[in-house]
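Dropping coords.cif in here (mmCIF, C-alpha atoms):
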```cif
data_coords
#
loop_
_atom_site.label_atom_id
_atom_site.label_comp_id
_atom_site.auth_asym_id
_atom_site.auth_seq_id
_atom_site.Cartn_x
_atom_site.Cartn_y
_atom_site.Cartn_z
CA MET A 1 -42.44 6.01 -16.10
CA LEU A 2 -38.97 7.47 -15.79
CA ALA A 3 -37.97 5.11 -12.97
CA ALA A 4 -39.04 2.14 -15.08
CA ARG A 5 -36.91 3.42 -17.94
CA TRP A 6 -33.88 3.79 -15.66
CA LEU A 7 -34.25 0.25 -14.31
CA ARG A 8 -34.74 -1.11 -17.82
CA PHE A 9 -31.39 0.35 -18.87
CA GLY A 10 -29.82 -1.09 -15.72
CA ARG A 11 -31.14 -4.59 -16.43
CA ILE A 12 -30.01 -4.49 -20.05
CA ALA A 13 -26.49 -3.44 -19.01
CA ALA A 14 -26.35 -6.10 -16.28
CA ILE A 15 -27.29 -8.84 -18.75
CA ALA A 16 -24.60 -7.55 -21.12
CA ALA A 17 -22.03 -7.72 -18.29
CA PHE A 18 -23.04 -11.31 -17.52
CA VAL A 19 -22.56 -12.32 -21.16
CA ALA A 20 -19.20 -10.51 -21.22
CA TRP A 21 -18.19 -12.37 -18.04
CA LEU A 22 -18.98 -15.74 -19.61
CA ILE A 23 -16.91 -14.91 -22.70
CA SER A 24 -13.98 -13.13 -21.06
CA GLU A 25 -13.22 -15.33 -18.02
CA PRO A 26 -11.05 -17.86 -19.92
CA PHE A 27 -8.97 -14.97 -21.26
CA ALA A 28 -8.56 -13.62 -17.73
CA SER A 29 -7.31 -16.98 -16.52
CA THR A 30 -4.80 -17.24 -19.38
CA ALA A 31 -3.61 -13.69 -18.69
CA ASN A 32 -2.95 -14.69 -15.11
CA ALA A 33 -0.72 -17.54 -16.26
CA TYR A 34 1.34 -15.43 -18.68
CA GLY A 35 1.24 -11.98 -17.08
CA ILE A 36 3.84 -10.22 -14.94
CA ARG A 37 4.52 -11.58 -11.46
CA VAL A 38 6.04 -9.23 -8.87
CA ARG A 39 6.76 -10.39 -5.31
CA ASP A 40 4.16 -13.18 -5.46
CA VAL A 41 1.52 -10.84 -6.86
CA GLN A 42 0.20 -11.73 -10.31
CA PHE A 43 -0.84 -9.09 -12.88
CA THR A 44 -2.46 -9.39 -16.30
CA LEU A 45 -0.08 -6.77 -17.68
CA GLY A 46 2.40 -8.37 -20.04
CA SER A 47 -0.10 -10.80 -21.52
CA ALA A 48 -2.18 -10.01 -24.59
CA PHE A 49 -5.08 -11.87 -22.99
CA GLY A 50 -5.45 -9.24 -20.24
CA PRO A 51 -6.57 -6.43 -22.59
CA ILE A 52 -8.80 -8.93 -24.41
CA SER A 53 -10.53 -9.94 -21.18
CA TYR A 54 -11.22 -6.42 -19.89
CA GLY A 55 -11.76 -5.07 -23.40
CA LEU A 56 -14.57 -7.56 -23.96
CA PHE A 57 -16.27 -6.42 -20.75
CA GLY A 58 -16.00 -2.72 -21.62
CA GLY A 59 -16.83 -3.19 -25.29
CA ILE A 60 -19.92 -5.35 -24.82
CA VAL A 61 -21.45 -3.23 -22.05
CA CYS A 62 -20.73 0.04 -23.87
CA ALA A 63 -22.04 -1.29 -27.20
CA VAL A 64 -25.30 -2.52 -25.68
CA LEU A 65 -25.92 0.79 -23.88
CA ALA A 66 -25.12 2.89 -26.96
CA THR A 67 -27.30 0.72 -29.19
CA TYR A 68 -30.18 0.85 -26.73
CA PHE A 69 -29.87 4.63 -26.39
CA SER A 70 -29.72 5.01 -30.18
CA LEU A 71 -32.84 2.92 -30.80
CA GLU A 72 -34.84 5.70 -29.13
CA ARG A 73 -33.67 8.12 -31.81
CA MET A 74 -32.95 6.22 -35.02
CA ASP A 75 -33.63 3.01 -36.94
CA ARG A 76 -32.03 -0.35 -36.12
CA ALA A 77 -29.29 -0.22 -38.77
CA GLN A 78 -28.06 3.19 -37.59
CA ALA A 79 -28.26 2.11 -33.95
CA LEU A 80 -26.16 -0.99 -34.63
CA ARG A 81 -23.51 1.12 -36.35
CA ARG A 82 -23.38 3.39 -33.31
CA GLY A 83 -23.10 0.30 -31.15
CA GLY A 84 -20.09 -0.87 -33.18
CA VAL A 85 -18.34 2.42 -32.58
CA ALA A 86 -19.16 2.20 -28.88
CA PHE A 87 -17.73 -1.34 -28.69
CA CYS A 88 -14.37 -0.13 -29.99
CA ALA A 89 -14.36 2.91 -27.70
CA GLY A 90 -15.44 0.99 -24.59
CA ALA A 91 -13.01 -1.88 -25.18
CA THR A 92 -10.08 0.47 -25.70
CA TRP A 93 -10.94 2.56 -22.64
CA VAL A 94 -11.36 -0.32 -20.18
CA ALA A 95 -8.32 -2.22 -21.44
CA GLY A 96 -6.25 0.96 -21.09
CA ALA A 97 -7.63 1.69 -17.62
CA ASP A 98 -6.77 -1.81 -16.43
CA ALA A 99 -3.26 -1.59 -17.85
CA LEU A 100 -2.73 1.76 -16.12
CA SER A 101 -4.00 0.31 -12.84
CA ASP A 102 -1.56 -2.59 -13.15
CA LEU A 103 1.34 -0.25 -13.88
CA VAL A 104 0.65 1.77 -10.74
CA SER A 105 0.17 -1.36 -8.63
CA ILE A 106 3.40 -2.93 -9.89
CA GLN A 107 5.41 0.13 -8.91
CA ILE A 108 3.84 0.12 -5.44
CA VAL A 109 4.60 -3.59 -4.96
CA ARG A 110 8.19 -3.12 -6.13
CA MET A 111 8.71 -0.29 -3.66
CA ARG A 112 7.39 -2.55 -0.88
CA VAL A 113 4.87 0.07 0.21
CA PRO A 114 1.54 -1.64 -0.43
CA THR A 115 -0.94 -0.73 2.27
CA PHE A 116 -4.60 -1.37 2.67
CA GLU A 117 -5.37 2.31 2.01
CA ILE A 118 -3.28 2.41 -1.18
CA GLU A 119 -4.92 -0.75 -2.51
CA LEU A 120 -8.32 0.75 -1.83
CA GLY A 121 -7.27 3.96 -3.58
CA ILE A 122 -6.17 2.06 -6.69
CA SER A 123 -9.43 0.10 -6.71
CA LEU A 124 -11.48 3.29 -6.36
CA LEU A 125 -9.53 4.94 -9.19
CA TRP A 126 -10.10 1.93 -11.45
CA HIS A 127 -13.85 1.87 -10.82
CA VAL A 128 -14.25 5.63 -11.36
CA VAL A 129 -12.13 5.77 -14.52
CA VAL A 130 -13.81 2.71 -16.06
CA ALA A 131 -17.40 3.76 -15.26
CA SER A 132 -16.96 7.41 -16.30
CA GLY A 133 -15.22 6.40 -19.53
CA LEU A 134 -17.92 3.91 -20.43
CA ALA A 135 -20.64 6.49 -19.77
CA LEU A 136 -18.91 9.04 -22.02
CA ALA A 137 -18.25 6.50 -24.77
CA ALA A 138 -21.84 5.26 -24.76
CA SER A 139 -23.19 8.82 -24.77
CA LEU A 140 -21.03 10.21 -27.57
CA SER A 141 -21.27 7.05 -29.69
CA SER A 142 -25.08 7.20 -29.59
CA GLY A 143 -25.06 10.72 -31.03
CA ARG A 144 -25.81 12.65 -27.86
CA SER A 145 -24.85 16.27 -27.41
CA ILE A 146 -21.89 17.49 -25.40
CA ALA A 147 -24.24 18.78 -22.69
CA ARG A 148 -25.84 15.36 -22.34
CA ALA A 149 -22.43 13.68 -22.40
CA LYS A 150 -21.43 15.76 -19.38
CA ARG A 151 -24.54 14.67 -17.49
CA MET A 152 -23.94 11.05 -18.39
CA ALA A 153 -20.30 11.31 -17.31
CA ALA A 154 -21.60 12.53 -13.95
CA GLY A 155 -23.74 9.40 -13.80
CA GLY A 156 -20.63 7.36 -14.64
CA LEU A 157 -18.70 9.04 -11.82
CA ALA A 158 -21.44 8.13 -9.34
CA THR A 159 -21.38 4.59 -10.73
CA GLY A 160 -17.65 4.33 -10.08
CA VAL A 161 -17.97 5.36 -6.45
CA LEU A 162 -20.98 3.15 -5.70
CA SER A 163 -19.56 0.11 -7.49
CA PHE A 164 -16.32 0.55 -5.52
CA VAL A 165 -18.30 0.43 -2.28
CA TRP A 166 -19.98 -2.71 -3.57
CA SER A 167 -16.63 -4.26 -4.49
CA ILE A 168 -15.41 -4.13 -0.88
CA THR A 169 -18.68 -5.29 0.68
CA GLY A 170 -21.00 -7.32 -1.51
CA VAL A 171 -18.21 -8.93 -3.51
CA ILE A 172 -16.69 -10.32 -0.33
CA ILE A 173 -19.93 -12.19 0.34
CA PHE A 174 -19.98 -13.67 -3.15
CA ALA A 175 -16.27 -14.44 -2.95
CA GLN A 176 -16.87 -16.70 0.04
CA MET A 177 -19.14 -18.79 -2.18
CA ASP A 178 -16.51 -19.21 -4.91
CA LEU A 179 -15.40 -22.82 -5.19
CA SER A 180 -12.03 -21.62 -6.44
CA ARG A 181 -11.14 -20.47 -2.89
CA ILE A 182 -10.32 -16.89 -3.76
CA SER A 183 -7.56 -15.71 -1.44
CA ASP A 184 -6.97 -12.28 -2.90
CA LEU A 185 -10.12 -10.34 -3.78
CA GLN A 186 -8.40 -7.65 -5.83
CA HIS A 187 -6.34 -10.08 -7.97
CA SER A 188 -8.47 -13.20 -8.31
CA PHE A 189 -8.27 -14.57 -11.82
CA VAL A 190 -9.58 -18.09 -11.31
CA PRO A 191 -11.98 -18.97 -14.16
CA TYR A 192 -15.58 -18.01 -13.53
CA SER A 193 -15.02 -16.20 -10.28
CA LEU A 194 -18.30 -15.24 -8.64
CA GLY A 195 -16.53 -12.28 -7.05
CA ARG A 196 -15.59 -10.77 -10.40
CA LEU A 197 -19.05 -11.55 -11.77
CA ALA A 198 -20.68 -9.63 -8.91
CA ASP A 199 -18.33 -6.68 -9.41
CA HIS A 200 -18.83 -6.42 -13.19
CA VAL A 201 -22.59 -6.95 -13.10
CA MET A 202 -23.01 -4.32 -10.40
CA ILE A 203 -20.87 -1.82 -12.36
CA ALA A 204 -23.02 -2.40 -15.44
CA PHE A 205 -26.35 -2.24 -13.58
CA LEU A 206 -25.45 0.99 -11.81
CA LEU A 207 -24.02 2.42 -15.04
CA GLY A 208 -27.18 1.76 -17.03
CA THR A 209 -29.47 3.03 -14.27
CA LEU A 210 -27.53 6.15 -13.30
CA VAL A 211 -26.58 7.15 -16.84
CA ALA A 212 -30.23 6.94 -17.90
CA SER A 213 -31.40 8.87 -14.83
CA SER A 214 -28.68 11.52 -15.09
CA GLU A 215 -30.45 12.98 -18.14
CA SER A 216 -33.61 13.85 -16.27
CA ILE A 217 -33.01 13.89 -12.53
CA PHE A 218 -32.02 17.59 -12.45
CA VAL A 219 -34.52 18.95 -14.99
CA ASP A 220 -38.01 20.23 -14.40
CA ALA A 221 -39.67 20.03 -17.81
CA PHE A 222 -40.52 17.14 -20.14
CA LEU A 223 -42.36 16.38 -23.36
CA ARG A 224 -44.75 13.44 -23.57
CA TRP A 225 -46.20 11.89 -26.71
CA THR A 226 -47.51 8.61 -28.11
CA THR A 227 -45.80 7.09 -31.14
CA SER A 228 -47.59 5.75 -34.21
CA SER A 229 -47.11 2.23 -32.80
CA GLY A 230 -48.92 3.19 -29.57
CA GLU A 231 -45.83 3.45 -27.35
CA ASP A 232 -45.84 6.21 -24.72
CA LYS A 233 -42.70 8.36 -24.72
CA GLU A 234 -41.36 10.92 -22.28
CA GLN A 235 -38.18 12.91 -22.73
CA PRO A 236 -36.64 15.63 -20.55
CA LEU A 237 -35.89 19.08 -21.94
CA LEU A 238 -32.19 19.75 -21.43
CA GLY A 239 -30.18 22.91 -21.99
CA THR A 240 -31.58 25.96 -23.72
CA MET A 241 -32.65 24.48 -27.07
CA ASN A 242 -34.44 21.21 -27.85
CA ARG A 243 -35.25 20.66 -31.53
CA ILE A 244 -38.07 18.28 -32.42
CA GLY A 245 -38.22 16.41 -35.69
CA SER A 246 -37.81 13.20 -37.65
CA SER A 247 -34.02 13.43 -37.89
CA PRO A 248 -32.08 11.23 -35.43
CA GLU A 249 -29.67 14.14 -34.94
CA VAL A 250 -32.12 16.52 -33.26
CA GLU A 251 -32.51 16.60 -29.49
CA ILE A 252 -36.01 15.04 -29.55
CA ALA A 253 -36.25 12.56 -32.41
CA VAL A 254 -39.74 11.30 -33.24
CA LEU A 255 -39.69 8.20 -35.42
CA GLY A 256 -42.63 6.88 -37.41
CA ASP A 257 -44.32 10.20 -38.25
CA ASP A 258 -43.62 10.88 -41.94
CA SER A 259 -45.37 14.26 -41.74
CA LEU A 260 -42.63 15.69 -39.50
CA ALA A 261 -39.76 17.67 -40.97
CA PRO A 262 -36.17 16.77 -39.95
CA ALA A 263 -36.23 19.79 -37.61
CA HIS A 264 -39.92 20.61 -37.36
CA ALA A 265 -40.03 22.82 -34.26
CA ALA A 266 -38.16 23.52 -31.06
CA VAL A 267 -38.68 24.22 -27.37
CA ARG A 268 -36.41 26.97 -26.12
CA PHE A 269 -35.64 27.95 -22.51
CA ASP A 270 -35.12 31.69 -22.16
CA GLN A 271 -35.23 34.00 -19.14
CA GLY A 272 -36.89 31.40 -16.91
CA ALA A 273 -39.63 30.34 -19.35
CA TYR A 274 -40.11 27.72 -22.08
CA TYR A 275 -41.20 28.74 -25.59
CA LEU A 276 -42.45 26.66 -28.50
CA LEU A 277 -40.86 27.83 -31.76
CA ALA A 278 -42.09 26.79 -35.21
CA GLY A 279 -39.62 25.76 -37.89
CA ASP A 280 -39.87 25.97 -41.67
CA SER A 281 -42.14 22.92 -42.06
CA ALA A 282 -45.07 23.27 -44.44
CA ALA A 283 -47.21 21.22 -42.03
CA GLY A 284 -46.80 23.94 -39.44
CA THR A 285 -46.95 24.00 -35.65
CA TRP A 286 -50.40 24.01 -34.05
CA MET A 287 -51.63 24.84 -30.55
CA GLY A 288 -55.25 25.27 -29.47
CA GLY A 289 -56.41 24.82 -33.06
CA GLU A 290 -54.30 27.75 -34.29
CA ARG A 291 -51.05 27.78 -36.19
CA VAL A 292 -48.34 29.42 -34.10
CA SER A 293 -44.78 30.63 -34.69
CA LYS A 294 -43.79 31.34 -31.08
CA VAL A 295 -45.73 30.80 -27.88
CA GLU A 296 -44.86 30.44 -24.19
CA LEU A 297 -45.54 26.97 -22.80
CA MET A 298 -47.27 26.32 -19.48
CA ASP A 299 -47.66 23.06 -17.57
CA SER A 300 -50.04 20.59 -19.33
CA ASP A 301 -50.10 22.57 -22.61
CA THR A 302 -50.51 20.39 -25.72
CA PHE A 303 -49.42 21.12 -29.29
CA LEU A 304 -49.55 19.31 -32.62
CA LEU A 305 -46.60 18.65 -34.94
CA GLY A 306 -47.49 16.67 -38.04
CA THR A 307 -49.81 13.95 -36.74
CA THR A 308 -48.19 13.72 -33.29
CA THR A 309 -49.60 15.49 -30.23
CA PHE A 310 -47.13 16.53 -27.53
CA GLU A 311 -47.82 17.43 -23.91
CA PHE A 312 -45.54 19.86 -22.09
CA VAL A 313 -45.05 18.90 -18.42
CA GLN A 314 -43.34 21.12 -15.88
CA HIS A 315 -42.99 19.61 -12.40
CA ARG A 316 -41.22 22.38 -10.52
CA THR A 317 -40.68 26.10 -10.54
CA PRO A 318 -38.40 26.85 -13.50
CA VAL A 319 -34.74 26.98 -12.61
CA ARG A 320 -32.40 28.63 -15.04
CA ALA A 321 -30.71 25.99 -17.17
CA ASP A 322 -27.57 26.50 -19.19
CA ASP A 323 -27.31 30.23 -19.82
CA PRO A 324 -27.77 31.27 -23.44
CA PRO A 325 -24.57 32.27 -25.18
CA THR A 326 -23.29 35.68 -24.22
CA ILE A 327 -22.72 38.02 -27.12
CA ASN A 328 -19.02 38.81 -27.16
CA ARG A 329 -17.02 41.30 -29.20
CA THR A 330 -17.82 39.40 -32.40
CA THR A 331 -20.58 41.24 -34.22
CA HIS A 332 -21.22 38.74 -37.02
CA ARG A 333 -23.83 36.01 -36.54
CA LEU A 334 -26.25 33.68 -38.28
CA THR A 335 -29.77 33.16 -36.94
CA ASP A 336 -31.82 30.09 -37.82
CA ALA A 337 -35.58 29.58 -38.01
CA PHE A 338 -35.72 28.92 -34.25
CA GLN A 339 -34.06 32.27 -33.50
CA THR A 340 -30.89 30.53 -32.37
CA ASP A 341 -27.77 32.67 -32.84
CA PHE A 342 -24.53 31.21 -34.17
CA LEU A 343 -21.71 33.63 -33.44
CA LEU A 344 -19.05 33.95 -36.13
CA ASP A 345 -15.50 34.56 -34.98
CA PHE A 346 -12.79 36.36 -36.85
CA GLY A 347 -11.13 33.93 -39.23
CA SER A 348 -12.72 30.89 -40.87
CA ASN A 349 -16.10 29.57 -39.66
CA ARG A 350 -17.13 26.14 -40.95
CA VAL A 351 -20.77 25.36 -41.80
CA GLY A 352 -21.91 21.75 -42.11
CA ARG A 353 -23.16 18.56 -40.46
CA ARG A 354 -19.94 18.17 -38.51
CA ILE A 355 -19.27 20.10 -35.32
CA GLY A 356 -18.19 23.59 -36.31
CA SER A 357 -19.13 27.24 -35.91
CA VAL A 358 -22.52 26.51 -37.53
CA SER A 359 -23.49 22.86 -37.05
CA ILE A 360 -26.57 21.53 -38.91
CA PRO A 361 -26.66 17.83 -37.94
CA TYR A 362 -30.38 17.37 -38.63
CA ASP A 363 -30.32 18.32 -42.36
CA GLU A 364 -29.20 15.38 -44.52
CA THR A 365 -28.88 17.68 -47.57
CA VAL A 366 -26.01 19.52 -45.87
CA GLY A 367 -22.51 18.15 -46.39
CA PRO A 368 -20.00 17.47 -43.59
CA THR A 369 -18.25 20.74 -44.50
CA HIS A 370 -20.79 22.56 -46.63
CA ALA A 371 -19.44 26.10 -46.67
CA SER A 372 -17.12 28.52 -44.96
CA ILE A 373 -17.74 32.05 -43.75
CA ASP A 374 -14.50 34.01 -43.44
CA ILE A 375 -14.61 37.06 -41.18
CA ASP A 376 -12.04 39.87 -41.33
CA ASP A 377 -11.97 43.62 -40.78
CA GLU A 378 -13.60 44.17 -44.18
CA GLY A 379 -16.64 41.99 -43.52
CA ALA A 380 -17.87 38.45 -44.18
CA LEU A 381 -17.03 36.30 -47.18
CA LEU A 382 -19.16 33.20 -47.88
CA VAL A 383 -17.25 30.40 -49.62
CA PRO A 384 -19.61 27.64 -50.87
CA PHE A 385 -18.54 23.99 -51.07
CA GLY A 386 -22.03 22.51 -51.53
CA ALA A 387 -25.46 23.74 -52.69
CA THR A 388 -25.65 27.28 -51.25
CA SER A 389 -27.78 30.31 -52.05
CA VAL A 390 -27.96 33.92 -50.90
CA ASN A 391 -31.38 35.58 -51.00
CA ASP A 392 -32.67 32.63 -53.11
CA GLU A 393 -29.89 33.02 -55.68
CA VAL A 394 -27.55 30.05 -56.06
CA ILE A 395 -23.89 30.97 -55.68
CA THR A 396 -20.85 28.96 -56.74
CA VAL A 397 -18.10 31.52 -56.06
CA PRO A 398 -17.04 33.37 -52.88
CA THR A 399 -19.58 36.10 -52.12
CA HIS A 400 -19.43 39.06 -49.72
CA LEU A 401 -22.36 39.17 -47.33
CA LYS A 402 -24.53 42.12 -46.33
CA HIS A 403 -26.55 42.64 -43.16
CA GLY A 404 -29.93 40.93 -43.56
CA ASP A 405 -28.89 38.44 -46.25
CA VAL A 406 -30.73 35.10 -46.09
CA LEU A 407 -28.37 32.17 -46.57
CA THR A 408 -29.58 28.68 -47.46
CA PHE A 409 -27.41 25.60 -47.01
CA GLY A 410 -29.16 22.52 -48.38
CA GLN A 411 -32.67 22.99 -46.97
CA SER A 412 -31.70 25.06 -43.91
CA SER A 413 -32.00 28.85 -43.95
CA PHE A 414 -30.21 31.43 -41.81
CA THR A 415 -30.25 35.22 -41.60
CA TYR A 416 -26.86 36.93 -41.52
CA SER A 417 -26.49 40.03 -39.35
CA ALA A 418 -23.60 42.35 -38.58
CA SER A 419 -24.42 44.55 -35.61
CA PRO A 420 -22.26 47.62 -34.92
CA LYS A 421 -19.37 47.30 -32.49
#
```

Could you write out this structure as structure tokens?
Amino acid sequence: MLAARWLRFGRIAAIAAFVAWLISEPFASTANAYGIRVRDVQFTLGSAFGPISYGLFGGIVCAVLATYFSLERMDRAQALRRGGVAFCAGATWVAGADALSDLVSIQIVRMRVPTFEIELGISLLWHVVVASGLALAASLSSGRSIARAKRMAAGGLATGVLSFVWSITGVIIFAQMDLSRISDLQHSFVPYSLGRLADHVMIAFLLGTLVASSESIFVDAFLRWTTSSGEDKEQPLLGTMNRIGSSPEVEIAVLGDDSLAPAHAAVRFDQGAYYLLAGDSAAGTWMGGERVSKVELMDSDTFLLGTTTFEFVQHRTPVRADDPPTINRTTHRLTDAFQTDFLLDFGSNRVGRRIGSVSIPYDETVGPTHASIDIDDEGALLVPFGATSVNDEVITVPTHLKHGDVLTFGQSSFTYSASPK
């Protein structure tokens, strides 16, 4: 099932690269005519059509990948918006990478030191920078976490190296078939070059396949479930905390089940074992016909959230994933319903949907910057910007916190603690 998913992403990206090639080739040809020429070597730098040509390739491939990733976690309108962001990011990145490559190549040509090894080095750098950048842009634009973005960037790095190898082997074969009589493989800008088509399609295919596989190839545990439409799903458990719910911002988003809360439950990796943790949902978390709050998961265990049944699958002996955060000198923290600690540093700690000290991306009732918790030597001061309560009492003015206070931001509750130094 996973291999089919990887190949599906690869095919989608390859088709996107083919479409981009059809659209961008005339711009590449025009850039060749109006770009910089140094010692009989033509560059696209200096022509506005160069960035357009490579920007279209990067933008289209990145947008399609980000949209396709997002459709697994959110509705079509949200996925298309993420795809728009990815188009801008991918286009800017690839156009910039090509311009940088041209700048370096121009200086080498001017110094009369071009060698086969240097040309290969520049080509390798271009492939690695472009593929890694596209993987990062697609990952972050589709709402993935930083941990997943790192894994996808690793997939992009592998794509760059493999596509470079392809560019100096397979592309040569296709180049011999080009009716335009390509004489220089690295700088061939004749319209509709089969050599450039082979290079771009292979980059996109490898990118889609390796980026999709990079999420799960080094993990040992998965969740499987069947959607309300009858589609079988499987998603790897990454890092130490995987929240499950109806919100597209949680790690495992389940669409189509209206009985699920935005963050209904979570699977946590701790000390070599996986645990199912119940959230605050009224529907509860059920396993073996009993409602549970925390239970260790074993291979093939099933549990019920809302109307969806999940199966926990563990293929290998557990290997410690990302270590849980180490408690440092800071003694102030918030703990959510999944027993996840958010350490509060001295100074101002932002609470909201945006990335901050306490990020709550899955709760739509929480504002981008919902509150602030200011820590100093005298204690903790909660400053509300949105709907906030302490121990079920709504507050509208800055309030000093005490150990054990229950704070509620929107619909999300946390327990404040201040352990002794």

Box time for region 14-23 of chain A: axis-aligned, enclosing all its listed atoms, 5 Å extra on each side; report centre and edge lengths in Å to one decimal, as lines of an AutoDock Vina configuration file.
```
center_x = -22.1
center_y = -10.9
center_z = -19.5
size_x = 20.4
size_y = 19.6
size_z = 16.4
```

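With distances restricted to only C-alpha atoms, A:Cys62 is the closest residue to Ile203 (chain A) from A:Cys62, A:Pro248, A:Arg291, A:Gly279.
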
Point out the residue among A:Phe164, A:Phe43, A:Phe205, A:Phe312 with the least atom-to-atom distance to Gln107 (chain A), counting all atoms listed in the file.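 Going through A:Phe164, A:Phe43, A:Phe205, A:Phe312 one by one, the smallest distance to Gln107 (chain A) is for A:Phe43.
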
Separation of CA of Thr67 (chain A) and CA of Pro26 (chain A), in Å?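 Atom-to-atom, CA of Thr67 (chain A) to CA of Pro26 (chain A), that is 26.4 Å.
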
Within 10 Å of Trp21 (chain A), counting all atoms listed in the file, which residues qualify if same-chain residues fewer than 6 places away don't, as a PyMOL selection string? chain A and resi 15+28+53-54+56-57+60+191-194+196-198+200-201

If you apply the PyMOL selection byres ((chain A and resi 408) around 8) to this file, what residues do you get, as a VMD selection string? chain A and resid 388 to 392 406 to 407 409 to 414

Same residues, C-alpha atoms, saved as an mmCIF file, keeping the file's coordinate frame:
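Result file is again10.cif:
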```cif
data_model
loop_
_atom_site.group_PDB
_atom_site.id
_atom_site.type_symbol
_atom_site.label_atom_id
_atom_site.label_comp_id
_atom_site.auth_asym_id
_atom_site.auth_seq_id
_atom_site.Cartn_x
_atom_site.Cartn_y
_atom_site.Cartn_z
ATOM 1 C CA THR A 388 -25.650 27.280 -51.250
ATOM 2 C CA SER A 389 -27.780 30.310 -52.050
ATOM 3 C CA VAL A 390 -27.960 33.920 -50.900
ATOM 4 C CA ASN A 391 -31.380 35.580 -51.000
ATOM 5 C CA ASP A 392 -32.670 32.630 -53.110
ATOM 6 C CA VAL A 406 -30.730 35.100 -46.090
ATOM 7 C CA LEU A 407 -28.370 32.170 -46.570
ATOM 8 C CA PHE A 409 -27.410 25.600 -47.010
ATOM 9 C CA GLY A 410 -29.160 22.520 -48.380
ATOM 10 C CA GLN A 411 -32.670 22.990 -46.970
ATOM 11 C CA SER A 412 -31.700 25.060 -43.910
ATOM 12 C CA SER A 413 -32.000 28.850 -43.950
ATOM 13 C CA PHE A 414 -30.210 31.430 -41.810
#
```

Would you compute the distance between CA of Thr365 (chain A) and CA of Ala261 (chain A)? Give it in Å to one decimal. 12.7 Å

So that I can check the surroundings of Val358 (chain A), please list as a PyMOL selection string every protein, DNA and RNA residue that reaches within 9 Å of it, counting only C-alpha atoms and ignoring chain neighbours fewer than 6 positions away. chain A and resi 334+342-344+349-352

Pick the closest to Val104 (chain A) from A:Trp126, A:Phe87, A:Tyr34, A:Tyr416: which is it, counting all atoms listed in the file? A:Trp126
